[in-house]
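Novice: Before we start, here is the structure in question, set down as structure tokens.
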Amino acid sequence: MTLAQTTYALIAGVSAYQNSEMNLGNTTKDAKDLKRVLDQLGVKSALLTSKYANYDNIASKLEKIVSVAKSDDKIMFFFSGHGAPGNFCTYDKLFPYSKLVDILSKAKAKEIYCFVDACHSGSVHETTTGNYDWANNRNMIFCMGCKPNEFSYESGWVGNGFFSKALLKGLRGKASRDGKITLRSLFDYIYKDVTAHTHQYEQPQHPMLIGPSTMHQKVLFVR
């Protein structure tokens with residue numbers, strides 16, 4: 001059950017890249033698993049994977065969602081794949097976070113949530129400061145897989161990226177408090193789970209929550 005009139009989501013994951021040397025193991029599965037969870041929660045979601053999760057398709061699908069979402073709706077965006085400072089890597093080219101912010105900033109929706117499981121994803125704040133007034137805009141928040149200088153790991157044993165797996169478990173109920181999943185409870189669960197599973201790495205992974213604190217207690221879902 002969603003609390004907004006409608007929650008729209010674009011879910012994208014790339015395992016098979018145009019450059020096959022970049023291929024990953026679990027990122028398409030991350031996206032497909034999340035779609036199943038969001039469908040169960042009543043979200044109107046669109047899924048793009050591998051060659052369909054290219055720059056043009058992601059941009060056009062986001063623009064479509066922005067055009068139809070009303071002020072009392074929610075928008076969610078999820079991406080799992082490679083990342084670079086200031087960008088996530090679609091099937092065919094880099095997608096700047098500044099472009100993502102530019103598209104989503106045109107939405108009437110008062111609540112916009114982005115979840116990105118990609119290396120260097122925490123760089124969204126550093127690279128979009130000139131495109132987005134973080135101090136005065138109160139409707140967009142980013143839950144990112146790692147800090148700007150970190151990697152976002154995936155595991156064949158886990159079957160997902162560590163961040164994606166934690167997000168899935170949180171939405172399935174692990175992050176529920178009194179039947180409600182707030183952004184804060186979801187992030188707290190994700191952070192604890194990811195850091196616990198990556199502490200043995202030479203460079204552990206630390207998810208980041210970037211955006212207005214006024215959105216932290218927003219209820220995403222009721223279970």
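Just remember, in the structure tokens the first chain shown is A, the second B, etc., residues are 1-based per chain, and ligands are 1-based in the order shown.
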Pick out the residues sitting within 10 Å of segment 202-206 of chain A, and hand them over as JSON, numbers by chain; count only C-alpha atoms, and ignore anything fewer than 3 positions along from it in its own chain.
Specialist: {"A": [119, 122, 144, 145, 146, 147, 148, 149, 150, 151, 152, 153, 162, 163, 190, 191, 192, 194, 195, 196, 197, 198, 199]}
Novice: Please identify the strand (DSSP E or B) residues within segment 85-155 of chain A (assignment by DSSP from backbone atoms) and present them as a PDB file with all heavy atoms, in the first residue's frame.
Specialist:
ATOM      1  N   ASN A  87      28.760  10.345 -12.333  1.00  0.00           N
ATOM      2  CA  ASN A  87      27.948   9.662 -13.330  1.00  0.00           C
ATOM      3  C   ASN A  87      27.594   8.240 -12.889  1.00  0.00           C
ATOM      4  O   ASN A  87      28.317   7.622 -12.112  1.00  0.00           O
ATOM      5  CB  ASN A  87      28.715   9.518 -14.650  1.00  0.00           C
ATOM      6  CG  ASN A  87      29.260  10.804 -15.205  1.00  0.00           C
ATOM      7  OD1 ASN A  87      28.630  11.456 -16.037  1.00  0.00           O
ATOM      8  ND2 ASN A  87      30.458  11.186 -14.773  1.00  0.00           N
ATOM      9  N   PHE A  88      26.476   7.732 -13.436  1.00  0.00           N
ATOM     10  CA  PHE A  88      26.293   6.292 -13.442  1.00  0.00           C
ATOM     11  C   PHE A  88      26.402   5.842 -14.900  1.00  0.00           C
ATOM     12  O   PHE A  88      26.229   6.636 -15.832  1.00  0.00           O
ATOM     13  CB  PHE A  88      24.971   5.861 -12.798  1.00  0.00           C
ATOM     14  CG  PHE A  88      23.718   6.403 -13.422  1.00  0.00           C
ATOM     15  CD1 PHE A  88      23.063   5.721 -14.447  1.00  0.00           C
ATOM     16  CD2 PHE A  88      23.146   7.597 -12.961  1.00  0.00           C
ATOM     17  CE1 PHE A  88      21.894   6.207 -15.002  1.00  0.00           C
ATOM     18  CE2 PHE A  88      21.971   8.092 -13.512  1.00  0.00           C
ATOM     19  CZ  PHE A  88      21.343   7.392 -14.540  1.00  0.00           C
ATOM     20  N   CYS A  89      26.730   4.569 -15.103  1.00  0.00           N
ATOM     21  CA  CYS A  89      27.073   4.083 -16.437  1.00  0.00           C
ATOM     22  C   CYS A  89      25.919   3.292 -17.037  1.00  0.00           C
ATOM     23  O   CYS A  89      25.678   2.145 -16.645  1.00  0.00           O
ATOM     24  CB  CYS A  89      28.323   3.211 -16.378  1.00  0.00           C
ATOM     25  SG  CYS A  89      29.765   4.043 -15.671  1.00  0.00           S
ATOM     26  N   LEU A  94      27.961   7.314 -20.272  1.00  0.00           N
ATOM     27  CA  LEU A  94      27.797   7.868 -18.931  1.00  0.00           C
ATOM     28  C   LEU A  94      26.542   8.725 -18.855  1.00  0.00           C
ATOM     29  O   LEU A  94      26.208   9.445 -19.797  1.00  0.00           O
ATOM     30  CB  LEU A  94      29.010   8.723 -18.558  1.00  0.00           C
ATOM     31  CG  LEU A  94      30.357   8.006 -18.431  1.00  0.00           C
ATOM     32  CD1 LEU A  94      31.460   9.022 -18.151  1.00  0.00           C
ATOM     33  CD2 LEU A  94      30.321   6.949 -17.347  1.00  0.00           C
ATOM     34  N   PHE A  95      25.868   8.642 -17.723  1.00  0.00           N
ATOM     35  CA  PHE A  95      24.682   9.466 -17.478  1.00  0.00           C
ATOM     36  C   PHE A  95      25.020  10.369 -16.291  1.00  0.00           C
ATOM     37  O   PHE A  95      25.091   9.910 -15.149  1.00  0.00           O
ATOM     38  CB  PHE A  95      23.483   8.587 -17.136  1.00  0.00           C
ATOM     39  CG  PHE A  95      22.145   9.272 -17.292  1.00  0.00           C
ATOM     40  CD1 PHE A  95      21.255   8.870 -18.284  1.00  0.00           C
ATOM     41  CD2 PHE A  95      21.770  10.300 -16.452  1.00  0.00           C
ATOM     42  CE1 PHE A  95      20.018   9.484 -18.435  1.00  0.00           C
ATOM     43  CE2 PHE A  95      20.540  10.931 -16.588  1.00  0.00           C
ATOM     44  CZ  PHE A  95      19.663  10.521 -17.586  1.00  0.00           C
ATOM     45  N   PRO A  96      25.257  11.663 -16.510  1.00  0.00           N
ATOM     46  CA  PRO A  96      25.649  12.554 -15.421  1.00  0.00           C
ATOM     47  C   PRO A  96      24.540  12.703 -14.378  1.00  0.00           C
ATOM     48  O   PRO A  96      23.356  12.798 -14.723  1.00  0.00           O
ATOM     49  CB  PRO A  96      25.906  13.889 -16.127  1.00  0.00           C
ATOM     50  CG  PRO A  96      26.108  13.541 -17.565  1.00  0.00           C
ATOM     51  CD  PRO A  96      25.228  12.354 -17.814  1.00  0.00           C
ATOM     52  N   GLU A 111       7.581  14.435  -3.678  1.00  0.00           N
ATOM     53  CA  GLU A 111       8.502  13.469  -3.090  1.00  0.00           C
ATOM     54  C   GLU A 111       9.171  12.671  -4.205  1.00  0.00           C
ATOM     55  O   GLU A 111       8.503  11.981  -4.966  1.00  0.00           O
ATOM     56  CB  GLU A 111       7.765  12.519  -2.141  1.00  0.00           C
ATOM     57  CG  GLU A 111       7.168  13.200  -0.922  1.00  0.00           C
ATOM     58  CD  GLU A 111       6.457  12.207  -0.013  1.00  0.00           C
ATOM     59  OE1 GLU A 111       6.946  11.066   0.128  1.00  0.00           O
ATOM     60  OE2 GLU A 111       5.408  12.570   0.547  1.00  0.00           O
ATOM     61  N   ILE A 112      10.492  12.800  -4.296  1.00  0.00           N
ATOM     62  CA  ILE A 112      11.275  12.096  -5.308  1.00  0.00           C
ATOM     63  C   ILE A 112      12.424  11.382  -4.610  1.00  0.00           C
ATOM     64  O   ILE A 112      13.196  12.004  -3.877  1.00  0.00           O
ATOM     65  CB  ILE A 112      11.829  13.072  -6.364  1.00  0.00           C
ATOM     66  CG1 ILE A 112      10.676  13.819  -7.053  1.00  0.00           C
ATOM     67  CG2 ILE A 112      12.677  12.336  -7.389  1.00  0.00           C
ATOM     68  CD1 ILE A 112      11.131  14.944  -7.964  1.00  0.00           C
ATOM     69  N   TYR A 113      12.513  10.076  -4.848  1.00  0.00           N
ATOM     70  CA  TYR A 113      13.509   9.246  -4.174  1.00  0.00           C
ATOM     71  C   TYR A 113      14.374   8.532  -5.203  1.00  0.00           C
ATOM     72  O   TYR A 113      13.860   7.869  -6.100  1.00  0.00           O
ATOM     73  CB  TYR A 113      12.825   8.203  -3.292  1.00  0.00           C
ATOM     74  CG  TYR A 113      11.891   8.799  -2.259  1.00  0.00           C
ATOM     75  CD1 TYR A 113      10.542   8.973  -2.552  1.00  0.00           C
ATOM     76  CD2 TYR A 113      12.370   9.184  -1.011  1.00  0.00           C
ATOM     77  CE1 TYR A 113       9.678   9.525  -1.614  1.00  0.00           C
ATOM     78  CE2 TYR A 113      11.511   9.735  -0.069  1.00  0.00           C
ATOM     79  CZ  TYR A 113      10.171   9.908  -0.372  1.00  0.00           C
ATOM     80  OH  TYR A 113       9.321  10.458   0.559  1.00  0.00           O
ATOM     81  N   CYS A 114      15.692   8.670  -5.067  1.00  0.00           N
ATOM     82  CA  CYS A 114      16.623   7.997  -5.971  1.00  0.00           C
ATOM     83  C   CYS A 114      17.499   7.032  -5.186  1.00  0.00           C
ATOM     84  O   CYS A 114      18.051   7.396  -4.137  1.00  0.00           O
ATOM     85  CB  CYS A 114      17.510   9.019  -6.683  1.00  0.00           C
ATOM     86  SG  CYS A 114      16.620  10.161  -7.754  1.00  0.00           S
ATOM     87  N   PHE A 115      17.621   5.820  -5.696  1.00  0.00           N
ATOM     88  CA  PHE A 115      18.452   4.791  -5.089  1.00  0.00           C
ATOM     89  C   PHE A 115      19.438   4.312  -6.159  1.00  0.00           C
ATOM     90  O   PHE A 115      19.026   3.850  -7.219  1.00  0.00           O
ATOM     91  CB  PHE A 115      17.602   3.613  -4.624  1.00  0.00           C
ATOM     92  CG  PHE A 115      16.573   3.970  -3.585  1.00  0.00           C
ATOM     93  CD1 PHE A 115      15.322   4.448  -3.964  1.00  0.00           C
ATOM     94  CD2 PHE A 115      16.857   3.838  -2.236  1.00  0.00           C
ATOM     95  CE1 PHE A 115      14.363   4.780  -3.017  1.00  0.00           C
ATOM     96  CE2 PHE A 115      15.908   4.175  -1.272  1.00  0.00           C
ATOM     97  CZ  PHE A 115      14.660   4.647  -1.665  1.00  0.00           C
ATOM     98  N   VAL A 116      20.731   4.436  -5.870  1.00  0.00           N
ATOM     99  CA  VAL A 116      21.736   4.085  -6.875  1.00  0.00           C
ATOM    100  C   VAL A 116      22.781   3.154  -6.265  1.00  0.00           C
ATOM    101  O   VAL A 116      23.447   3.507  -5.293  1.00  0.00           O
ATOM    102  CB  VAL A 116      22.428   5.337  -7.450  1.00  0.00           C
ATOM    103  CG1 VAL A 116      23.484   4.941  -8.480  1.00  0.00           C
ATOM    104  CG2 VAL A 116      21.398   6.271  -8.081  1.00  0.00           C
ATOM    105  N   ASP A 117      22.890   1.961  -6.841  1.00  0.00           N
ATOM    106  CA  ASP A 117      23.879   0.975  -6.428  1.00  0.00           C
ATOM    107  C   ASP A 117      24.986   0.980  -7.466  1.00  0.00           C
ATOM    108  O   ASP A 117      24.965   0.213  -8.428  1.00  0.00           O
ATOM    109  CB  ASP A 117      23.226  -0.407  -6.324  1.00  0.00           C
ATOM    110  CG  ASP A 117      24.121  -1.418  -5.614  1.00  0.00           C
ATOM    111  OD1 ASP A 117      25.302  -1.098  -5.364  1.00  0.00           O
ATOM    112  OD2 ASP A 117      23.631  -2.529  -5.313  1.00  0.00           O
ATOM    113  N   MET A 140      13.578  16.268  -3.206  1.00  0.00           N
ATOM    114  CA  MET A 140      14.384  15.241  -3.856  1.00  0.00           C
ATOM    115  C   MET A 140      15.473  14.744  -2.914  1.00  0.00           C
ATOM    116  O   MET A 140      16.196  15.539  -2.311  1.00  0.00           O
ATOM    117  CB  MET A 140      15.026  15.811  -5.117  1.00  0.00           C
ATOM    118  CG  MET A 140      15.575  14.757  -6.066  1.00  0.00           C
ATOM    119  SD  MET A 140      16.438  15.485  -7.505  1.00  0.00           S
ATOM    120  CE  MET A 140      15.217  16.652  -8.118  1.00  0.00           C
ATOM    121  N   ILE A 141      15.577  13.409  -2.805  1.00  0.00           N
ATOM    122  CA  ILE A 141      16.580  12.852  -1.903  1.00  0.00           C
ATOM    123  C   ILE A 141      17.229  11.638  -2.557  1.00  0.00           C
ATOM    124  O   ILE A 141      16.609  10.943  -3.364  1.00  0.00           O
ATOM    125  CB  ILE A 141      15.965  12.495  -0.540  1.00  0.00           C
ATOM    126  CG1 ILE A 141      17.039  12.398   0.544  1.00  0.00           C
ATOM    127  CG2 ILE A 141      15.125  11.238  -0.614  1.00  0.00           C
ATOM    128  CD1 ILE A 141      16.534  12.685   1.939  1.00  0.00           C
ATOM    129  N   PHE A 142      18.479  11.407  -2.221  1.00  0.00           N
ATOM    130  CA  PHE A 142      19.269  10.352  -2.825  1.00  0.00           C
ATOM    131  C   PHE A 142      19.795   9.399  -1.768  1.00  0.00           C
ATOM    132  O   PHE A 142      20.477   9.822  -0.830  1.00  0.00           O
ATOM    133  CB  PHE A 142      20.452  10.949  -3.598  1.00  0.00           C
ATOM    134  CG  PHE A 142      20.037  11.758  -4.790  1.00  0.00           C
ATOM    135  CD1 PHE A 142      19.604  13.071  -4.642  1.00  0.00           C
ATOM    136  CD2 PHE A 142      20.059  11.214  -6.058  1.00  0.00           C
ATOM    137  CE1 PHE A 142      19.205  13.822  -5.735  1.00  0.00           C
ATOM    138  CE2 PHE A 142      19.664  11.954  -7.161  1.00  0.00           C
ATOM    139  CZ  PHE A 142      19.234  13.264  -6.998  1.00  0.00           C
ATOM    140  N   CYS A 143      19.482   8.132  -1.915  1.00  0.00           N
ATOM    141  CA  CYS A 143      20.020   7.071  -1.073  1.00  0.00           C
ATOM    142  C   CYS A 143      21.028   6.323  -1.942  1.00  0.00           C
ATOM    143  O   CYS A 143      20.639   5.585  -2.850  1.00  0.00           O
ATOM    144  CB  CYS A 143      18.894   6.151  -0.588  1.00  0.00           C
ATOM    145  SG  CYS A 143      19.412   4.886   0.584  1.00  0.00           S
ATOM    146  N   MET A 144      22.294   6.534  -1.659  1.00  0.00           N
ATOM    147  CA  MET A 144      23.345   6.086  -2.566  1.00  0.00           C
ATOM    148  C   MET A 144      24.163   4.948  -1.952  1.00  0.00           C
ATOM    149  O   MET A 144      24.365   4.880  -0.747  1.00  0.00           O
ATOM    150  CB  MET A 144      24.263   7.251  -2.925  1.00  0.00           C
ATOM    151  CG  MET A 144      23.498   8.503  -3.390  1.00  0.00           C
ATOM    152  SD  MET A 144      22.378   8.183  -4.780  1.00  0.00           S
ATOM    153  CE  MET A 144      23.415   8.665  -6.153  1.00  0.00           C
ATOM    154  N   GLU A 154      29.253  -6.103  -5.374  1.00  0.00           N
ATOM    155  CA  GLU A 154      28.226  -7.116  -5.562  1.00  0.00           C
ATOM    156  C   GLU A 154      28.815  -8.464  -5.161  1.00  0.00           C
ATOM    157  O   GLU A 154      30.028  -8.639  -5.129  1.00  0.00           O
ATOM    158  CB  GLU A 154      27.702  -7.153  -6.999  1.00  0.00           C
ATOM    159  CG  GLU A 154      28.730  -7.536  -8.051  1.00  0.00           C
ATOM    160  CD  GLU A 154      28.113  -7.724  -9.432  1.00  0.00           C
ATOM    161  OE1 GLU A 154      26.900  -7.564  -9.583  1.00  0.00           O
ATOM    162  OE2 GLU A 154      28.867  -8.053 -10.360  1.00  0.00           O
ATOM    163  N   SER A 155      27.943  -9.415  -4.877  1.00  0.00           N
ATOM    164  CA  SER A 155      28.397 -10.706  -4.390  1.00  0.00           C
ATOM    165  C   SER A 155      27.589 -11.826  -5.018  1.00  0.00           C
ATOM    166  O   SER A 155      26.354 -11.832  -4.936  1.00  0.00           O
ATOM    167  CB  SER A 155      28.265 -10.769  -2.858  1.00  0.00           C
ATOM    168  OG  SER A 155      28.413 -12.088  -2.385  1.00  0.00           O
TER     169      SER A 155
END
Novice: Using only C-alpha atoms, which protein or nucleic acid residues come within 8 Å of Ala109 of chain A? Drop anything in the same chain fewer than 3 positions from it, and give the result as a PyMOL selection string.
Specialist: chain A and resi 66+69-75+112+139
Novice: Pick out the closest residue to Tyr17 of chain A from this set: A:Asn160, A:Ser45, A:Asn54, A:Gln5. Count only C-alpha atoms.
Specialist: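 For Tyr17 of chain A, the nearest of the given residues is A:Asn54.
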Novice: Measuring atom to atom with only C-alpha atoms, identify which of A:His120, A:Lys51, A:Arg223, A:Arg184 is nearest to Leu171 of chain A.
Specialist: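 Between A:His120, A:Lys51, A:Arg223, A:Arg184, the residue approaching Leu171 of chain A most closely is A:Arg223.
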Novice: Which residues come within 6 Å of Thr27 of chain A, counting only C-alpha atoms, excluding same-chain residues fewer than 5 positions away, as a PyMOL selection string?
Specialist: chain A and resi 13-15+80-81
Novice: For Lys64 of chain A, which residue among A:Phe187, A:Tyr8, A:Tyr97, A:Tyr201 is the nearest when counting only C-alpha atoms?
Specialist: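 Closest to Lys64 of chain A, using only C-alpha atoms: A:Tyr8.
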Novice: Output as number ranges by chain all residues of segment 36-218 of chain A that backbone DSSP marks as alpha helix (DSSP H).
Specialist: A: 36-40, 55-68, 97-104, 124-128, 162-169, 183-198
Novice: Point out the residue among A:Gly156, A:Gly83, A:Gly211, A:Gly161 with the least atom-to-atom distance to Thr129 of chain A, counting only C-alpha atoms.
Specialist: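 Under the stated criterion, the closest residue is A:Gly211.
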